[in-house]
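Q: Got a file for you: protein.cif, mmCIF, C-alpha atoms.
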data_protein
loop_
_atom_site.label_atom_id
_atom_site.label_comp_id
_atom_site.auth_asym_id
_atom_site.auth_seq_id
_atom_site.Cartn_x
_atom_site.Cartn_y
_atom_site.Cartn_z
CA MET A 1 86.61 -38.08 -39.07
CA SER A 2 86.29 -40.60 -36.30
CA LEU A 3 83.20 -42.52 -35.23
CA VAL A 4 83.31 -40.73 -31.87
CA GLU A 5 83.03 -37.35 -33.59
CA TYR A 6 79.96 -38.47 -35.51
CA ILE A 7 78.36 -39.86 -32.35
CA VAL A 8 78.98 -36.59 -30.50
CA LEU A 9 77.44 -34.54 -33.32
CA ILE A 10 74.37 -36.77 -33.60
CA ALA A 11 73.94 -36.88 -29.82
CA THR A 12 74.28 -33.10 -29.48
CA ALA A 13 71.70 -32.31 -32.14
CA LEU A 14 69.40 -34.98 -30.71
CA ALA A 15 69.73 -33.75 -27.12
CA VAL A 16 69.27 -30.06 -27.92
CA THR A 17 66.23 -30.73 -30.11
CA TRP A 18 64.76 -33.12 -27.53
CA LEU A 19 65.17 -30.60 -24.69
CA VAL A 20 64.06 -27.50 -26.57
CA THR A 21 61.00 -28.93 -28.35
CA PRO A 22 58.69 -28.79 -25.28
CA LEU A 23 59.54 -25.10 -24.84
CA VAL A 24 58.89 -24.40 -28.52
CA ARG A 25 55.62 -26.33 -28.29
CA LEU A 26 54.53 -24.20 -25.34
CA LEU A 27 55.52 -21.00 -27.14
CA GLY A 28 53.67 -21.99 -30.32
CA GLY A 29 50.52 -22.73 -28.36
CA ARG A 30 50.58 -19.47 -26.44
CA LEU A 31 51.22 -17.40 -29.56
CA GLY A 32 48.53 -19.21 -31.52
CA ILE A 33 50.93 -20.54 -34.14
CA VAL A 34 49.02 -23.78 -34.56
CA SER A 35 47.67 -26.09 -37.24
CA HIS A 36 43.92 -26.59 -37.05
CA ALA A 37 42.09 -29.78 -37.97
CA GLY A 38 40.15 -30.02 -41.21
CA GLY A 39 40.79 -29.89 -44.94
CA ARG A 40 43.67 -32.17 -45.93
CA HIS A 41 44.85 -32.43 -42.32
CA VAL A 42 44.24 -35.76 -40.61
CA HIS A 43 44.93 -34.69 -37.02
CA THR A 44 42.37 -33.53 -34.49
CA GLY A 45 42.46 -30.38 -32.40
CA SER A 46 45.02 -27.60 -32.68
CA VAL A 47 48.73 -28.52 -32.73
CA PRO A 48 51.67 -26.05 -32.52
CA ARG A 49 53.48 -25.94 -35.87
CA ILE A 50 56.86 -24.31 -35.27
CA GLY A 51 58.85 -27.42 -34.37
CA GLY A 52 61.42 -26.38 -36.95
CA VAL A 53 62.70 -23.89 -34.38
CA ALA A 54 63.79 -26.75 -32.12
CA MET A 55 65.48 -28.63 -34.97
CA PHE A 56 67.27 -25.49 -36.12
CA LEU A 57 68.59 -24.97 -32.58
CA GLY A 58 69.68 -28.62 -32.55
CA LEU A 59 71.68 -28.03 -35.72
CA VAL A 60 73.18 -24.86 -34.25
CA GLY A 61 74.14 -26.78 -31.11
CA ALA A 62 75.85 -29.49 -33.16
CA ALA A 63 77.74 -26.85 -35.18
CA ALA A 64 78.87 -25.13 -31.96
CA VAL A 65 80.16 -28.41 -30.52
CA ARG A 66 81.94 -29.14 -33.78
CA VAL A 67 83.71 -25.77 -33.69
CA ALA A 68 84.66 -26.35 -30.04
CA GLY A 69 86.06 -29.76 -30.93
CA GLU A 70 88.16 -28.33 -33.72
CA TYR A 71 89.60 -25.60 -31.47
CA LEU A 72 89.91 -27.50 -28.21
CA TRP A 73 90.00 -31.25 -28.79
CA GLY A 74 92.12 -31.64 -31.90
CA TRP A 75 89.33 -32.59 -34.27
CA GLU A 76 89.91 -32.21 -38.01
CA ALA A 77 89.26 -28.64 -39.16
CA VAL A 78 86.00 -28.72 -41.09
CA LEU A 79 83.98 -25.70 -40.00
CA THR A 80 87.04 -23.62 -39.07
CA ARG A 81 89.22 -24.12 -42.15
CA PRO A 82 90.15 -20.80 -43.80
CA ASP A 83 88.84 -21.99 -47.18
CA THR A 84 85.71 -23.74 -45.92
CA PRO A 85 82.33 -22.93 -47.48
CA ALA A 86 80.74 -23.67 -44.09
CA PRO A 87 79.90 -20.04 -43.08
CA GLY A 88 78.05 -19.43 -46.34
CA ILE A 89 76.23 -22.77 -46.13
CA LEU A 90 75.17 -22.12 -42.54
CA ALA A 91 73.98 -18.63 -43.51
CA ALA A 92 71.92 -20.12 -46.35
CA LEU A 93 70.38 -22.64 -43.94
CA ALA A 94 69.48 -19.80 -41.57
CA ILE A 95 67.80 -17.90 -44.43
CA MET A 96 65.77 -20.94 -45.47
CA PHE A 97 64.75 -21.54 -41.87
CA GLY A 98 63.74 -17.88 -41.58
CA VAL A 99 61.61 -18.10 -44.72
CA GLY A 100 59.81 -21.15 -43.35
CA LEU A 101 59.28 -19.62 -39.92
CA PHE A 102 57.93 -16.39 -41.42
CA ASP A 103 55.49 -18.48 -43.45
CA ASP A 104 54.43 -20.46 -40.37
CA ILE A 105 53.61 -17.23 -38.56
CA PHE A 106 52.27 -14.97 -41.30
CA ASP A 107 51.26 -17.29 -44.20
CA MET A 108 53.40 -15.87 -47.00
CA ARG A 109 52.25 -15.75 -50.59
CA PRO A 110 53.66 -18.73 -52.53
CA SER A 111 55.56 -16.41 -54.88
CA HIS A 112 57.20 -14.57 -51.98
CA LYS A 113 58.10 -17.83 -50.28
CA PHE A 114 59.65 -19.13 -53.48
CA LEU A 115 61.75 -15.97 -53.84
CA GLY A 116 62.99 -16.51 -50.30
CA GLN A 117 63.93 -20.08 -51.17
CA LEU A 118 65.84 -18.88 -54.22
CA ALA A 119 67.67 -16.33 -52.06
CA ALA A 120 68.80 -19.07 -49.68
CA ALA A 121 69.82 -21.27 -52.61
CA GLY A 122 71.75 -18.35 -54.12
CA VAL A 123 73.76 -17.88 -50.94
CA ALA A 124 74.55 -21.61 -50.83
CA TYR A 125 75.59 -21.49 -54.49
CA TRP A 126 77.89 -18.56 -53.79
CA ALA A 127 79.39 -20.48 -50.87
CA GLY A 128 80.24 -23.46 -53.08
CA ALA A 129 77.29 -25.87 -53.00
CA ARG A 130 76.63 -26.15 -56.71
CA VAL A 131 76.31 -28.47 -59.69
CA ASP A 132 79.26 -27.49 -61.89
CA PHE A 133 79.28 -30.65 -64.00
CA ILE A 134 77.64 -33.99 -64.53
CA GLY A 135 79.19 -37.25 -65.61
CA ASP A 136 78.64 -38.19 -69.26
CA PRO A 137 76.64 -41.45 -69.19
CA LEU A 138 77.52 -42.22 -72.83
CA GLY A 139 81.09 -41.29 -73.56
CA GLY A 140 82.52 -40.98 -70.05
CA GLY A 141 84.25 -37.87 -68.80
CA LEU A 142 82.45 -34.70 -67.74
CA ILE A 143 79.81 -32.40 -69.14
CA MET A 144 80.54 -28.90 -67.84
CA LEU A 145 77.37 -26.91 -67.23
CA GLY A 146 78.91 -23.45 -67.43
CA VAL A 147 76.28 -20.75 -66.97
CA LEU A 148 73.59 -23.44 -66.64
CA SER A 149 75.13 -24.31 -63.29
CA VAL A 150 73.17 -21.46 -61.67
CA PRO A 151 69.61 -22.46 -62.66
CA VAL A 152 70.31 -26.19 -62.26
CA THR A 153 71.62 -25.64 -58.73
CA LEU A 154 68.80 -23.30 -57.71
CA ILE A 155 66.14 -25.69 -59.04
CA TRP A 156 67.85 -28.63 -57.32
CA MET A 157 67.87 -26.86 -53.95
CA ALA A 158 64.36 -25.42 -54.13
CA GLY A 159 63.08 -28.77 -55.38
CA PHE A 160 64.57 -30.70 -52.45
CA ALA A 161 63.20 -28.18 -49.98
CA ASN A 162 59.69 -28.47 -51.37
CA VAL A 163 59.48 -32.26 -51.76
CA ILE A 164 60.08 -32.66 -48.02
CA ASN A 165 57.50 -29.95 -47.37
CA LEU A 166 54.94 -31.73 -49.56
CA ILE A 167 55.35 -35.09 -47.83
CA ASP A 168 54.99 -33.55 -44.39
CA GLY A 169 51.40 -34.71 -43.99
CA LEU A 170 51.47 -37.30 -41.19
CA ASP A 171 52.96 -37.46 -37.72
CA GLY A 172 56.65 -38.34 -37.92
CA LEU A 173 56.68 -38.77 -41.70
CA ALA A 174 58.97 -35.95 -42.89
CA ALA A 175 61.36 -36.24 -39.94
CA GLY A 176 61.70 -40.00 -40.33
CA VAL A 177 62.15 -39.96 -44.10
CA THR A 178 64.74 -37.19 -43.76
CA ALA A 179 66.63 -39.11 -41.06
CA ILE A 180 66.78 -42.19 -43.29
CA ALA A 181 68.06 -40.14 -46.22
CA ALA A 182 70.58 -38.31 -44.04
CA VAL A 183 72.04 -41.59 -42.73
CA SER A 184 72.61 -42.78 -46.28
CA LEU A 185 74.12 -39.45 -47.33
CA LEU A 186 76.32 -39.49 -44.21
CA VAL A 187 77.81 -42.86 -45.15
CA LEU A 188 78.37 -41.75 -48.74
CA ALA A 189 79.96 -38.45 -47.67
CA GLU A 190 82.32 -40.22 -45.29
CA GLN A 191 83.37 -42.75 -47.91
CA SER A 192 83.83 -39.95 -50.47
CA ASN A 193 85.98 -37.95 -48.01
CA GLN A 194 83.62 -34.98 -47.91
CA PRO A 195 83.75 -33.99 -44.20
CA LEU A 196 81.51 -30.89 -44.38
CA ALA A 197 78.70 -32.89 -45.97
CA ALA A 198 79.21 -35.60 -43.34
CA VAL A 199 79.03 -33.07 -40.48
CA LEU A 200 75.78 -31.60 -41.83
CA ALA A 201 74.31 -35.07 -42.36
CA ALA A 202 75.17 -36.19 -38.81
CA ALA A 203 73.58 -33.07 -37.33
CA THR A 204 70.47 -33.63 -39.47
CA VAL A 205 70.12 -37.22 -38.25
CA GLY A 206 70.32 -36.09 -34.62
CA ALA A 207 67.84 -33.23 -35.01
CA CYS A 208 65.30 -35.50 -36.73
CA LEU A 209 65.58 -38.23 -34.10
CA GLY A 210 65.25 -35.73 -31.25
CA PHE A 211 62.16 -34.21 -32.84
CA LEU A 212 60.53 -37.59 -33.50
CA ARG A 213 60.17 -38.03 -29.73
CA TYR A 214 57.35 -35.46 -29.88
CA ASN A 215 56.33 -35.69 -33.54
CA PHE A 216 55.62 -39.41 -33.94
CA ASN A 217 51.96 -40.33 -33.75
CA PRO A 218 50.21 -38.97 -31.78
CA ALA A 219 52.21 -35.79 -32.42
CA SER A 220 52.11 -32.96 -29.90
CA ILE A 221 53.94 -30.59 -32.27
CA PHE A 222 54.47 -30.24 -36.02
CA MET A 223 57.66 -29.05 -37.70
CA GLY A 224 55.85 -26.58 -39.99
CA ASP A 225 57.51 -24.99 -42.99
CA SER A 226 60.35 -23.83 -40.75
CA GLY A 227 61.28 -27.47 -40.28
CA ALA A 228 60.29 -29.03 -43.60
CA LEU A 229 62.00 -26.41 -45.79
CA LEU A 230 65.07 -26.51 -43.55
CA LEU A 231 65.35 -30.32 -43.73
CA GLY A 232 64.85 -30.45 -47.48
CA PHE A 233 67.41 -27.72 -47.99
CA MET A 234 69.85 -29.53 -45.70
CA LEU A 235 69.54 -32.66 -47.85
CA ALA A 236 70.08 -30.57 -51.00
CA CYS A 237 73.26 -28.99 -49.62
CA ILE A 238 74.57 -32.31 -48.31
CA SER A 239 74.03 -33.97 -51.68
CA LEU A 240 75.82 -31.17 -53.54
CA LEU A 241 78.72 -31.04 -51.08
CA GLY A 242 79.02 -34.82 -50.85
CA VAL A 243 77.67 -37.24 -53.43
CA MET A 244 77.58 -34.79 -56.35
CA LYS A 245 81.29 -34.05 -56.02
CA SER A 246 81.99 -37.38 -57.71
CA VAL A 247 82.63 -37.47 -61.45
CA ALA A 248 80.61 -40.67 -61.95
CA ALA A 249 77.60 -40.25 -64.23
CA ILE A 250 75.35 -42.16 -61.84
CA THR A 251 75.82 -39.60 -59.04
CA LEU A 252 73.05 -37.40 -60.45
CA VAL A 253 70.62 -40.25 -59.77
CA VAL A 254 71.88 -41.28 -56.32
CA PRO A 255 70.48 -38.39 -54.23
CA LEU A 256 67.16 -38.62 -56.07
CA LEU A 257 66.92 -42.30 -55.17
CA ILE A 258 67.88 -41.67 -51.55
CA VAL A 259 65.05 -39.14 -51.25
CA GLY A 260 62.99 -41.24 -53.63
CA VAL A 261 59.63 -41.38 -51.81
CA PRO A 262 59.02 -37.61 -51.56
CA VAL A 263 60.42 -37.11 -55.07
CA PHE A 264 58.11 -39.81 -56.44
CA ASP A 265 55.18 -38.39 -54.48
CA THR A 266 55.79 -34.93 -55.95
CA PHE A 267 56.21 -36.31 -59.48
CA SER A 268 52.98 -38.32 -59.25
CA ALA A 269 51.11 -35.26 -57.91
CA ILE A 270 52.24 -33.17 -60.90
CA VAL A 271 51.24 -35.89 -63.38
CA ARG A 272 47.92 -36.52 -61.62
CA ARG A 273 46.92 -32.87 -61.59
CA ARG A 274 47.93 -32.30 -65.20
CA ARG A 275 46.01 -35.41 -66.34
CA HIS A 276 42.84 -34.20 -64.71
CA GLY A 277 43.14 -30.54 -65.66
CA ARG A 278 43.95 -29.28 -62.18
CA PRO A 279 46.50 -26.57 -61.34
CA ILE A 280 49.83 -28.12 -60.33
CA GLY A 281 49.88 -26.11 -57.10
CA GLU A 282 46.38 -27.14 -56.03
CA ALA A 283 46.20 -29.13 -52.80
CA ASP A 284 44.57 -32.55 -52.88
CA LYS A 285 44.29 -35.80 -50.97
CA GLY A 286 46.14 -37.86 -53.54
CA HIS A 287 49.55 -38.04 -51.85
CA ILE A 288 51.06 -41.38 -50.90
CA HIS A 289 50.12 -41.08 -47.24
CA HIS A 290 46.53 -40.14 -48.09
CA ARG A 291 46.24 -43.16 -50.38
CA LEU A 292 47.59 -45.52 -47.72
CA LEU A 293 45.16 -44.12 -45.17
CA GLY A 294 42.40 -44.71 -47.71
CA ARG A 295 43.50 -48.34 -47.94
CA GLY A 296 42.64 -48.79 -44.28
CA PHE A 297 46.05 -48.34 -42.66
CA ASN A 298 46.25 -46.15 -39.58
CA GLN A 299 48.73 -43.30 -39.23
CA ARG A 300 51.50 -45.33 -37.62
CA GLN A 301 51.19 -48.18 -40.10
CA THR A 302 51.22 -45.74 -43.00
CA VAL A 303 54.35 -43.99 -41.74
CA ILE A 304 56.14 -47.30 -41.12
CA ILE A 305 55.30 -48.51 -44.64
CA ILE A 306 56.80 -45.31 -46.09
CA TYR A 307 59.84 -45.71 -43.80
CA ILE A 308 60.43 -49.21 -45.19
CA TRP A 309 60.03 -47.94 -48.75
CA SER A 310 62.48 -45.12 -47.99
CA VAL A 311 65.05 -47.52 -46.52
CA ALA A 312 64.82 -49.70 -49.63
CA LEU A 313 65.42 -46.70 -51.88
CA ALA A 314 68.24 -45.38 -49.68
CA VAL A 315 70.01 -48.76 -49.75
CA GLY A 316 69.43 -48.86 -53.49
CA GLY A 317 70.91 -45.40 -53.85
CA TYR A 318 74.01 -46.50 -51.97
CA ALA A 319 74.30 -49.59 -54.17
CA MET A 320 73.92 -47.50 -57.31
CA ARG A 321 76.87 -45.39 -56.17
CA TRP A 322 79.38 -48.16 -55.50
CA ALA A 323 78.17 -51.44 -57.01
CA PRO A 324 79.34 -52.97 -60.32
CA THR A 325 77.38 -51.95 -63.42
CA VAL A 326 75.33 -55.14 -63.66
CA PHE A 327 74.23 -54.83 -60.05
CA LYS A 328 73.35 -51.16 -60.62
CA LEU A 329 71.02 -52.14 -63.45
CA VAL A 330 69.41 -54.91 -61.40
CA THR A 331 68.99 -52.55 -58.44
CA PHE A 332 67.43 -49.86 -60.59
CA ALA A 333 65.04 -52.37 -62.16
CA VAL A 334 63.94 -53.71 -58.76
CA LEU A 335 63.41 -50.24 -57.31
CA ALA A 336 61.57 -49.07 -60.41
CA GLY A 337 59.36 -52.13 -60.23
CA LEU A 338 58.64 -51.57 -56.54
CA SER A 339 57.74 -47.92 -57.10
CA GLY A 340 55.64 -48.77 -60.15
CA PHE A 341 53.71 -51.40 -58.18
CA MET A 342 53.09 -48.92 -55.34
CA ALA A 343 51.89 -46.29 -57.82
CA TYR A 344 49.46 -48.77 -59.42
CA TRP A 345 48.25 -50.22 -56.11
CA LEU A 346 47.67 -46.80 -54.57
CA GLY A 347 46.31 -45.18 -57.73
CA LEU A 348 48.72 -42.26 -57.43
CA PHE A 349 47.95 -41.01 -60.93
CA GLU A 350 44.19 -41.18 -60.50
CA ALA A 351 41.96 -38.26 -59.52
CA ALA A 352 41.87 -37.29 -55.86
CA HIS A 353 39.74 -35.09 -53.63
CA HIS A 354 40.71 -31.43 -53.87
CA ASP A 355 40.51 -29.67 -50.55
CA GLU A 356 41.91 -26.40 -49.49
CA GLU A 357 44.65 -26.50 -46.93
#
So, in terms of structure tokens, how does the structure I just supplied come out?
A:
Amino acid sequence: MSLVEYIVLIATALAVTWLVTPLVRLLGGRLGIVSHAGGRHVHTGSVPRIGGVAMFLGLVGAAAVRVAGEYLWGWEAVLTRPDTPAPGILAALAIMFGVGLFDDIFDMRPSHKFLGQLAAAGVAYWAGARVDFIGDPLGGGLIMLGVLSVPVTLIWMAGFANVINLIDGLDGLAAGVTAIAAVSLLVLAEQSNQPLAAVLAAATVGACLGFLRYNFNPASIFMGDSGALLLGFMLACISLLGVMKSVAAITLVVPLLIVGVPVFDTFSAIVRRRRHGRPIGEADKGHIHHRLLGRGFNQRQTVIIIYIWSVALAVGGYAMRWAPTVFKLVTFAVLAGLSGFMAYWLGLFEAAHHDEE
């Protein structure tokens, strides 16, 4: 795929999201689909929380332009190939978006929401986004997962969806972190000759950037579960269709590094709650962004610090994919040291306030 094609996809998703978001914001306010201040929330007033609708429409717009380009402008067939998994992947994305939107409007039970996430992941698995094997880090070659491919893939997808949802606690945080991860995955997909993953990544970058116009502090709209679950699921599908298609053993680690901050935040929350006898699903104010706010940083400074951390991990993930073995080890050691220092400095494993959402 050419650079022009990527620019068109990013620009389309960006423009559609940018133009539609004010309308979605107005609709959310009039229908009362808003997030109120208080509890773990750090904003003031009531803010519409269905920004995911605008991002979903941005992704749809990018897909429509891609199809038009393949039919009319001689672009490489990616979404219109007879054997493409694209229709199933797009259907799965629509299901995940629908689950999130339903939760934004009606506040689903966690168990029902999780079943909806598994349904979306199942459709994506059926379409071809799956973990069929992993590289053997000891003897080389492949370890075929067989029947374990199903639970591993479903857990991978649901996990990605939820780590983005969990980090969505400050203005511009989830959209920015996702954009950074999507850029890294876009480069890796292009270099690995995985055009479908690259198309999805480019559309994700554009939708996030368009939404940040209204979501960066002070935000006038939040993405809600409809946006956070959609973005996390997009990253999961992109990683499975792109990076994970490689036979290298290190590829299992690469996507986790690229989305390292939300993954690390989720891991530390699980450890913290278990250490202090709290239910894993209990909300608290111990997340990375809460800790940085507690250190005296304002919202913008906190988000920028996490952006920088995310860029470092994304660059490290790219290096882990292509660099010589010695450099991979050095990179991993540096990133592990950075994350360990941040965990110690912020006290991520220490007890936090436990407030209801």
Q: Spell out the residues picked by the PyMOL selection byres ((chain A and resi 125) around 10) here, as a JSON list (two decimals) with C-alpha atoms, in the coordinates of the input.
A:
[["chain", "number", "residue", "atom", "x", "y", "z"],
["A", 85, "PRO", "CA", 82.33, -22.93, -47.48],
["A", 88, "GLY", "CA", 78.05, -19.43, -46.34],
["A", 89, "ILE", "CA", 76.23, -22.77, -46.13],
["A", 92, "ALA", "CA", 71.92, -20.12, -46.35],
["A", 119, "ALA", "CA", 67.67, -16.33, -52.06],
["A", 120, "ALA", "CA", 68.80, -19.07, -49.68],
["A", 121, "ALA", "CA", 69.82, -21.27, -52.61],
["A", 122, "GLY", "CA", 71.75, -18.35, -54.12],
["A", 123, "VAL", "CA", 73.76, -17.88, -50.94],
["A", 124, "ALA", "CA", 74.55, -21.61, -50.83],
["A", 126, "TRP", "CA", 77.89, -18.56, -53.79],
["A", 127, "ALA", "CA", 79.39, -20.48, -50.87],
["A", 128, "GLY", "CA", 80.24, -23.46, -53.08],
["A", 129, "ALA", "CA", 77.29, -25.87, -53.00],
["A", 130, "ARG", "CA", 76.63, -26.15, -56.71],
["A", 131, "VAL", "CA", 76.31, -28.47, -59.69],
["A", 149, "SER", "CA", 75.13, -24.31, -63.29],
["A", 150, "VAL", "CA", 73.17, -21.46, -61.67],
["A", 153, "THR", "CA", 71.62, -25.64, -58.73],
["A", 154, "LEU", "CA", 68.80, -23.30, -57.71],
["A", 157, "MET", "CA", 67.87, -26.86, -53.95],
["A", 237, "CYS", "CA", 73.26, -28.99, -49.62],
["A", 240, "LEU", "CA", 75.82, -31.17, -53.54]]
Q: Between CA of Ala207 (chain A) and CA of Val263 (chain A), measure the distance and give it in Å to one decimal.
A: 21.7 Å
Q: Could you tell me which residues the PyMOL selection byres ((chain A and resi 167) around 9) returns for this structure, as a list in words?
A: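 When the PyMOL selection byres ((chain A and resi 167) around 9) is applied to the shown file, the picked residues are Asn162, Val163, Ile164, Asn165, Leu166, Asp168, Gly169, Leu170, Leu173, Ala174, Ala228, Val261, Pro262, Asp265, Thr266, His287, Ile288 and His289 of chain A.
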Q: What is the distance between CA of Thr12 (chain A) and CA of Ala62 (chain A), in Å to one decimal?
A: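 Going from CA of Thr12 (chain A) over to CA of Ala62 (chain A), I get 5.4 Å.
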Q: I'd like the residues picked by the PyMOL selection byres ((chain A and resi 182) around 9) written out as a ChimeraX atom specification, using the chain letters and numbers from the file.
A: /A:177-181,183-187,200-202,204-205,234-235,238,258
Q: Skipping near chain neighbours, those fewer than 6 positions away, what residues fall within 12 Å of Ile270 (chain A) using all atoms listed in the file, listed as a short mmCIF file (atom, residue, chain, number, x, y, z; two decimals) with C-alpha atoms, in the frame of the given file?
A:
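Once written, around_29.cif looks like this:
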data_model
loop_
_atom_site.label_atom_id
_atom_site.label_comp_id
_atom_site.auth_asym_id
_atom_site.auth_seq_id
_atom_site.Cartn_x
_atom_site.Cartn_y
_atom_site.Cartn_z
CA VAL A 163 59.48 -32.26 -51.76
CA LEU A 166 54.94 -31.73 -49.56
CA VAL A 263 60.42 -37.11 -55.07
CA PHE A 264 58.11 -39.81 -56.44
CA HIS A 276 42.84 -34.20 -64.71
CA GLY A 277 43.14 -30.54 -65.66
CA ARG A 278 43.95 -29.28 -62.18
CA PRO A 279 46.50 -26.57 -61.34
CA ILE A 280 49.83 -28.12 -60.33
CA GLY A 281 49.88 -26.11 -57.10
CA GLU A 282 46.38 -27.14 -56.03
CA ALA A 283 46.20 -29.13 -52.80
CA ASP A 284 44.57 -32.55 -52.88
CA GLY A 286 46.14 -37.86 -53.54
CA HIS A 287 49.55 -38.04 -51.85
CA LEU A 348 48.72 -42.26 -57.43
CA PHE A 349 47.95 -41.01 -60.93
CA GLU A 350 44.19 -41.18 -60.50
CA ALA A 351 41.96 -38.26 -59.52
#
Q: Just checking: using all atoms listed in the file, which residue out of A:Leu101, A:Leu196, A:Pro48, A:Gly347 ends up closest to His36 (chain A)?
A: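 When distances to His36 (chain A) are compared using all atoms listed in the file, the smallest one comes from A:Pro48.
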Q: Env of Gln299 (chain A): 10 Å cut, atoms = only C-alpha atoms, seq-sep filter 2 positions within chain, self excluded. Answer as a list in words.
A: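 After dropping sequence-adjacent residues, the list is Val42, His43, Leu170, Asp171, Gly172, Leu173, Phe216, Asn217, Pro218, His289, His290, Leu292, Leu293, Gly296, Phe297, Gln301, Thr302, Val303, Ile304 and Ile305 of chain A.
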Q: Need to verify the contact set: Arg66 (chain A), 10 Å, all atoms listed in the file, exclusion of same-chain residues closer than 5 positions in sequence. Can you return it as number ranges by chain?
A: A: 5-6, 8-9, 12, 60-61, 71-73, 75-80, 199, 203
Q: To one decimal place, how far is CA of Gly232 (chain A) from CA of Ala175 (chain A) in Å?
A: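 So the answer is 10.1 Å.
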Q: Taking into account all atoms listed in the file, which residue in the set A:Met223, A:Ala161, A:Gly206, A:Ile95 is nearest to Ser35 (chain A)?
A: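 Using all atoms listed in the file, the shortest distance to Ser35 (chain A) belongs to A:Met223.
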Q: Which of these, A:Ser192, A:Thr21, A:Ser220, A:Thr84, has the shortest distance to Val47 (chain A) once you count all atoms listed in the file?
A: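 Among the listed residues, A:Ser220 lies closest to Val47 (chain A).
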Q: Out of A:Gly210, A:Gly51, A:Gly69, A:Gly45, which residue has the shortest atom-to-atom distance to Leu19 (chain A) when counting all atoms listed in the file?
A: A:Gly210
Q: For each of A:Gln191, A:Ser268, A:Asn298, A:Ser111, take the minimum atom-to-atom distance to Tyr318 (chain A), counting only C-alpha atoms, then give the residue where this is smallest.
A: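 The answer is A:Gln191, which sits nearest to Tyr318 (chain A).
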Q: Using all atoms listed in the file, can you tell me which of A:Leu142, A:Leu209, A:Lys328, A:Arg30 comes closest to Leu59 (chain A)?
A: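 Once distances to Leu59 (chain A) are computed over all atoms listed in the file, the minimum belongs to A:Leu209.
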Q: Using only C-alpha atoms, which residues sit within 7 Å of Trp156 (chain A) once same-chain residues fewer than 4 positions away are excluded, as a CSV table (one decimal) with C-alpha atoms, in the frame of the given file?
A:
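File result21.csv, as written:
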chain,number,residue,atom,x,y,z
A,152,VAL,CA,70.3,-26.2,-62.3
A,160,PHE,CA,64.6,-30.7,-52.4
A,236,ALA,CA,70.1,-30.6,-51.0
Q: What lies within 7 Å of Gly100 (chain A) using all atoms listed in the file, ignoring chain neighbours under 5 positions off, as a ChimeraX atom specification?
A: /A:225-226,229
Q: Please reconstruct the missing atoms of region 159-170 of chain A (target: N, CA and C atoms) and return them as a compact mmCIF listing (two decimals), keeping the file's coordinate frame.
A:
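Below you can see out10.txt, which holds the result:
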# COMPACT_ATOMS: atom_id res chain seq x y z
N GLY A 159 63.83 -27.54 -55.20
CA GLY A 159 63.08 -28.77 -55.38
C GLY A 159 63.17 -29.67 -54.16
N PHE A 160 64.39 -29.87 -53.65
CA PHE A 160 64.57 -30.70 -52.45
C PHE A 160 63.80 -30.12 -51.27
N ALA A 161 63.89 -28.81 -51.10
CA ALA A 161 63.20 -28.18 -49.98
C ALA A 161 61.70 -28.44 -50.04
N ASN A 162 61.14 -28.37 -51.23
CA ASN A 162 59.69 -28.47 -51.37
C ASN A 162 59.18 -29.91 -51.37
N VAL A 163 59.99 -30.88 -51.79
CA VAL A 163 59.48 -32.26 -51.76
C VAL A 163 59.34 -32.74 -50.32
N ILE A 164 60.24 -32.30 -49.43
CA ILE A 164 60.08 -32.66 -48.02
C ILE A 164 58.87 -31.94 -47.44
N ASN A 165 58.66 -30.71 -47.85
CA ASN A 165 57.50 -29.95 -47.37
C ASN A 165 56.19 -30.62 -47.81
N LEU A 166 56.16 -31.12 -49.04
CA LEU A 166 54.94 -31.73 -49.56
C LEU A 166 54.60 -33.05 -48.87
N ILE A 167 55.62 -33.79 -48.45
CA ILE A 167 55.35 -35.09 -47.83
C ILE A 167 55.07 -34.96 -46.34
N ASP A 168 55.20 -33.77 -45.82
CA ASP A 168 54.99 -33.55 -44.39
C ASP A 168 53.49 -33.50 -44.08
N GLY A 169 52.84 -34.67 -44.17
CA GLY A 169 51.40 -34.71 -43.99
C GLY A 169 50.91 -35.63 -42.89
N LEU A 170 51.82 -36.42 -42.29
CA LEU A 170 51.47 -37.30 -41.19
C LEU A 170 52.48 -37.18 -40.07
